[in-house]
>>> print(open('upload-v3.txt').read())   # compact mmCIF, C-alpha atoms and all ligand atoms
# COMPACT_ATOMS: atom_id res chain seq x y z
CA MET A 35 -11.39 -5.74 -2.61
CA ARG A 36 -10.15 -5.46 0.93
CA ILE A 37 -6.58 -4.39 1.72
CA THR A 38 -4.60 -5.26 4.80
CA ILE A 39 -1.10 -4.07 5.51
CA ASP A 40 1.60 -5.43 7.76
CA GLU A 41 3.37 -2.44 9.27
CA ASP A 42 6.07 -4.68 10.74
CA LYS A 43 7.09 -5.85 7.26
CA CYS A 44 6.93 -2.44 5.61
CA CYS A 45 10.39 -1.01 4.96
CA GLY A 46 9.13 2.39 3.88
CA ALA A 47 10.15 2.02 0.26
CA GLY A 48 7.15 4.05 -0.90
CA GLN A 49 6.49 2.02 -4.02
CA CYS A 50 2.85 1.61 -3.05
CA VAL A 51 2.39 5.37 -2.72
CA LEU A 52 3.78 5.90 -6.21
CA ALA A 53 1.49 3.23 -7.64
CA ALA A 54 -1.72 4.21 -5.83
CA PRO A 55 -1.42 7.57 -4.08
CA GLU A 56 -5.13 7.76 -3.31
CA VAL A 57 -4.98 4.54 -1.31
CA PHE A 58 -1.54 4.58 0.33
CA ASP A 59 0.43 7.23 2.14
CA GLN A 60 3.50 7.13 4.37
CA ARG A 61 4.03 8.33 7.91
CA ASP A 62 6.20 11.41 8.06
CA GLU A 63 8.27 10.09 10.96
CA ASP A 64 9.48 6.78 9.60
CA GLY A 65 7.98 6.24 6.15
CA VAL A 66 5.83 3.31 7.21
CA VAL A 67 2.79 2.87 5.03
CA VAL A 68 -0.55 4.40 5.99
CA LEU A 69 -3.65 2.85 4.51
CA LEU A 70 -6.02 5.61 3.42
CA ASP A 71 -8.78 3.39 2.06
CA ALA A 72 -9.03 -0.29 3.03
CA GLU A 73 -11.87 -0.92 0.58
CA PRO A 74 -11.07 1.19 -2.46
CA PRO A 75 -13.50 1.70 -5.35
CA ALA A 76 -13.22 -0.35 -8.53
CA GLU A 77 -11.25 2.26 -10.43
CA GLN A 78 -8.43 1.88 -7.91
CA HIS A 79 -8.18 -1.90 -8.08
CA ALA A 80 -5.60 -2.11 -10.87
CA ALA A 81 -3.32 0.39 -9.15
CA VAL A 82 -3.70 -1.36 -5.80
CA THR A 83 -2.93 -4.75 -7.34
CA GLU A 84 0.19 -3.28 -8.90
CA ALA A 85 1.18 -1.77 -5.54
CA ALA A 86 0.87 -5.13 -3.83
CA GLN A 87 2.96 -6.80 -6.53
CA ILE A 88 5.78 -4.27 -6.46
CA CYS A 89 5.99 -3.85 -2.70
CA PRO A 90 9.51 -5.09 -1.92
CA ALA A 91 8.48 -6.24 1.55
CA ALA A 92 5.28 -8.06 0.53
CA ALA A 93 3.53 -6.00 3.18
CA ILE A 94 0.28 -5.50 1.25
CA ALA A 95 -2.30 -8.29 1.26
CA LEU A 96 -5.43 -8.27 -0.89
CA ALA A 97 -8.60 -10.22 -0.28
S1 LIG B 1 5.70 -0.48 -1.01
FE1 LIG B 1 5.59 -1.93 0.71
S2 LIG B 1 7.45 -1.55 1.89
FE2 LIG B 1 7.13 0.22 0.56
S3 LIG B 1 5.95 1.69 1.78
FE3 LIG B 1 4.49 0.47 0.63
S4 LIG B 1 3.93 -1.20 2.00
FE4 LIG B 1 5.81 -0.32 2.78
>>> encode(input="upload-v3.txt", output="structure tokens", more="lines below")
Ligand code: SF4
Amino acid sequence: MRITIDEDKCCGAGQCVLAAPEVFDQRDEDGVVVLLDAEPPAEQHAAVTEAAQICPAAAIALA
């Protein structure tokens, strides 16, 4: 799994951080998503998939 994020789409909702806190964080200044691990281990895949699905801005792409 490889994650890419589109910072321009991100609206700082933080849903991804709630779903997968080991993979996503948010910038303190504006809440825009910070990708902590672009190629997370298998045990994170379910949480990352959920994060991508619930992101209101569709800013998380998985490949
Ligand atoms: S859930 Fe989507 S919009 Fe919200 S912080 Fe994460 S990437 Fe940004």
>>> residues_around(input="upload-v3.txt", residues="region 57-70 of chain A", least_positions_apart="2", cutoff="7 Å", atoms="all atoms listed in the file", output="CSV table (one decimal) with C-alpha atoms, keeping the file's coordinate frame")
chain,number,residue,atom,x,y,z
A,41,GLU,CA,3.4,-2.4,9.3
A,44,CYS,CA,6.9,-2.4,5.6
A,45,CYS,CA,10.4,-1.0,5.0
A,46,GLY,CA,9.1,2.4,3.9
A,50,CYS,CA,2.8,1.6,-3.0
A,51,VAL,CA,2.4,5.4,-2.7
A,54,ALA,CA,-1.7,4.2,-5.8
A,55,PRO,CA,-1.4,7.6,-4.1
A,72,ALA,CA,-9.0,-0.3,3.0
>>> atom_distance(input="upload-v3.txt", atom1="CA of Met35 (chain A)", atom2="CA of Ile94 (chain A)")
12.3 Å
>>> residues_around(input="upload-v3.txt", residues="Ala92 (chain A)", least_positions_apart="4", cutoff="10 Å", atoms="only C-alpha atoms", output="ChimeraX atom specification")
/A:39-40,43-45,85-88
>>> axis_aligned_box(input="upload-v3.txt", around="region 36-46 of chain A", padding_each_side="4 Å", output="JSON")
{"center_x": 0.1, "center_y": -1.7, "center_z": 5.8, "size_x": 28.5, "size_y": 16.2, "size_z": 17.8}
>>> atom_distance(input="upload-v3.txt", atom1="CA of Ala47 (chain A)", atom2="CA of Glu84 (chain A)")
14.5 Å
>>> closest_residue(input="upload-v3.txt", among="A:Ala53, A:Ile37, A:Ala81, A:Ala76", to="Ala97 (chain A)", atoms="only C-alpha atoms")
A:Ile37
>>> residues_around(input="upload-v3.txt", residues="Arg36 (chain A)", least_positions_apart="2", cutoff="10 Å", atoms="all atoms listed in the file", output="list in words")
Thr38, Asp71, Ala72, Glu73, Pro74, His79, Ala95, Leu96 and Ala97 of chain A
>>> closest_residue(input="upload-v3.txt", among="A:Glu56, A:Gln49, A:Thr83, A:Glu77", to="ligand LIG 1 (chain B)", atoms="all atoms listed in the file")
A:Gln49
>>> build_atoms(input="upload-v3.txt", residues="region 63-95 of chain A", atoms="N, CA and C atoms", output="mmCIF file, keeping the file's coordinate frame")
data_model
loop_
_atom_site.group_PDB
_atom_site.id
_atom_site.type_symbol
_atom_site.label_atom_id
_atom_site.label_comp_id
_atom_site.auth_asym_id
_atom_site.auth_seq_id
_atom_site.Cartn_x
_atom_site.Cartn_y
_atom_site.Cartn_z
ATOM 1 N N GLU A 63 7.157 10.387 10.045
ATOM 2 C CA GLU A 63 8.270 10.090 10.960
ATOM 3 C C GLU A 63 9.204 9.021 10.427
ATOM 4 N N ASP A 64 8.635 7.917 9.937
ATOM 5 C CA ASP A 64 9.480 6.780 9.600
ATOM 6 C C ASP A 64 9.181 6.173 8.228
ATOM 7 N N GLY A 65 8.249 6.743 7.493
ATOM 8 C CA GLY A 65 7.980 6.240 6.150
ATOM 9 C C GLY A 65 7.122 5.005 6.081
ATOM 10 N N VAL A 66 6.674 4.510 7.224
ATOM 11 C CA VAL A 66 5.830 3.310 7.210
ATOM 12 C C VAL A 66 4.481 3.636 6.564
ATOM 13 N N VAL A 67 4.007 2.674 5.822
ATOM 14 C CA VAL A 67 2.790 2.870 5.030
ATOM 15 C C VAL A 67 1.574 3.202 5.906
ATOM 16 N N VAL A 68 0.740 4.077 5.374
ATOM 17 C CA VAL A 68 -0.550 4.400 5.990
ATOM 18 C C VAL A 68 -1.625 4.059 4.973
ATOM 19 N N LEU A 69 -2.557 3.246 5.401
ATOM 20 C CA LEU A 69 -3.650 2.850 4.510
ATOM 21 C C LEU A 69 -4.752 3.898 4.582
ATOM 22 N N LEU A 70 -5.013 4.548 3.455
ATOM 23 C CA LEU A 70 -6.020 5.610 3.420
ATOM 24 C C LEU A 70 -7.417 5.058 3.160
ATOM 25 N N ASP A 71 -7.475 3.927 2.448
ATOM 26 C CA ASP A 71 -8.780 3.390 2.060
ATOM 27 C C ASP A 71 -8.660 1.859 1.972
ATOM 28 N N ALA A 72 -9.172 1.167 2.976
ATOM 29 C CA ALA A 72 -9.030 -0.290 3.030
ATOM 30 C C ALA A 72 -9.935 -1.004 2.033
ATOM 31 N N GLU A 73 -10.971 -0.319 1.569
ATOM 32 C CA GLU A 73 -11.870 -0.920 0.580
ATOM 33 C C GLU A 73 -12.059 0.070 -0.558
ATOM 34 N N PRO A 74 -11.040 0.169 -1.413
ATOM 35 C CA PRO A 74 -11.070 1.190 -2.460
ATOM 36 C C PRO A 74 -12.088 0.868 -3.556
ATOM 37 N N PRO A 75 -12.542 1.900 -4.261
ATOM 38 C CA PRO A 75 -13.500 1.700 -5.350
ATOM 39 C C PRO A 75 -12.850 0.988 -6.535
ATOM 40 N N ALA A 76 -13.683 0.492 -7.428
ATOM 41 C CA ALA A 76 -13.220 -0.350 -8.530
ATOM 42 C C ALA A 76 -12.137 0.313 -9.368
ATOM 43 N N GLU A 77 -12.239 1.607 -9.558
ATOM 44 C CA GLU A 77 -11.250 2.260 -10.430
ATOM 45 C C GLU A 77 -9.849 2.273 -9.835
ATOM 46 N N GLN A 78 -9.748 1.929 -8.552
ATOM 47 C CA GLN A 78 -8.430 1.880 -7.910
ATOM 48 C C GLN A 78 -7.831 0.471 -7.903
ATOM 49 N N HIS A 79 -8.614 -0.517 -8.285
ATOM 50 C CA HIS A 79 -8.180 -1.900 -8.080
ATOM 51 C C HIS A 79 -6.916 -2.254 -8.850
ATOM 52 N N ALA A 80 -6.789 -1.778 -10.079
ATOM 53 C CA ALA A 80 -5.600 -2.110 -10.870
ATOM 54 C C ALA A 80 -4.359 -1.512 -10.226
ATOM 55 N N ALA A 81 -4.474 -0.272 -9.767
ATOM 56 C CA ALA A 81 -3.320 0.390 -9.150
ATOM 57 C C ALA A 81 -2.958 -0.282 -7.829
ATOM 58 N N VAL A 82 -3.960 -0.702 -7.077
ATOM 59 C CA VAL A 82 -3.700 -1.360 -5.800
ATOM 60 C C VAL A 82 -3.056 -2.729 -6.021
ATOM 61 N N THR A 83 -3.525 -3.454 -7.022
ATOM 62 C CA THR A 83 -2.930 -4.750 -7.340
ATOM 63 C C THR A 83 -1.468 -4.582 -7.729
ATOM 64 N N GLU A 84 -1.194 -3.552 -8.521
ATOM 65 C CA GLU A 84 0.190 -3.280 -8.900
ATOM 66 C C GLU A 84 1.025 -2.952 -7.654
ATOM 67 N N ALA A 85 0.465 -2.148 -6.768
ATOM 68 C CA ALA A 85 1.180 -1.770 -5.540
ATOM 69 C C ALA A 85 1.556 -2.999 -4.733
ATOM 70 N N ALA A 86 0.609 -3.918 -4.607
ATOM 71 C CA ALA A 86 0.870 -5.130 -3.830
ATOM 72 C C ALA A 86 1.967 -5.964 -4.474
ATOM 73 N N GLN A 87 1.967 -5.984 -5.811
ATOM 74 C CA GLN A 87 2.960 -6.800 -6.530
ATOM 75 C C GLN A 87 4.357 -6.204 -6.447
ATOM 76 N N ILE A 88 4.450 -4.891 -6.429
ATOM 77 C CA ILE A 88 5.780 -4.270 -6.460
ATOM 78 C C ILE A 88 6.326 -3.958 -5.075
ATOM 79 N N CYS A 89 5.497 -4.119 -4.055
ATOM 80 C CA CYS A 89 5.990 -3.850 -2.700
ATOM 81 C C CYS A 89 7.162 -4.780 -2.384
ATOM 82 N N PRO A 90 8.335 -4.235 -2.129
ATOM 83 C CA PRO A 90 9.510 -5.090 -1.920
ATOM 84 C C PRO A 90 9.455 -5.919 -0.646
ATOM 85 N N ALA A 91 8.571 -5.535 0.266
ATOM 86 C CA ALA A 91 8.480 -6.240 1.550
ATOM 87 C C ALA A 91 7.281 -7.185 1.614
ATOM 88 N N ALA A 92 6.510 -7.241 0.538
ATOM 89 C CA ALA A 92 5.280 -8.060 0.530
ATOM 90 C C ALA A 92 4.408 -7.740 1.735
ATOM 91 N N ALA A 93 4.259 -6.459 2.002
ATOM 92 C CA ALA A 93 3.530 -6.000 3.180
ATOM 93 C C ALA A 93 2.055 -5.724 2.913
ATOM 94 N N ILE A 94 1.660 -5.813 1.638
ATOM 95 C CA ILE A 94 0.280 -5.500 1.250
ATOM 96 C C ILE A 94 -0.427 -6.776 0.864
ATOM 97 N N ALA A 95 -1.519 -7.089 1.565
ATOM 98 C CA ALA A 95 -2.300 -8.290 1.260
ATOM 99 C C ALA A 95 -3.666 -7.852 0.738
#
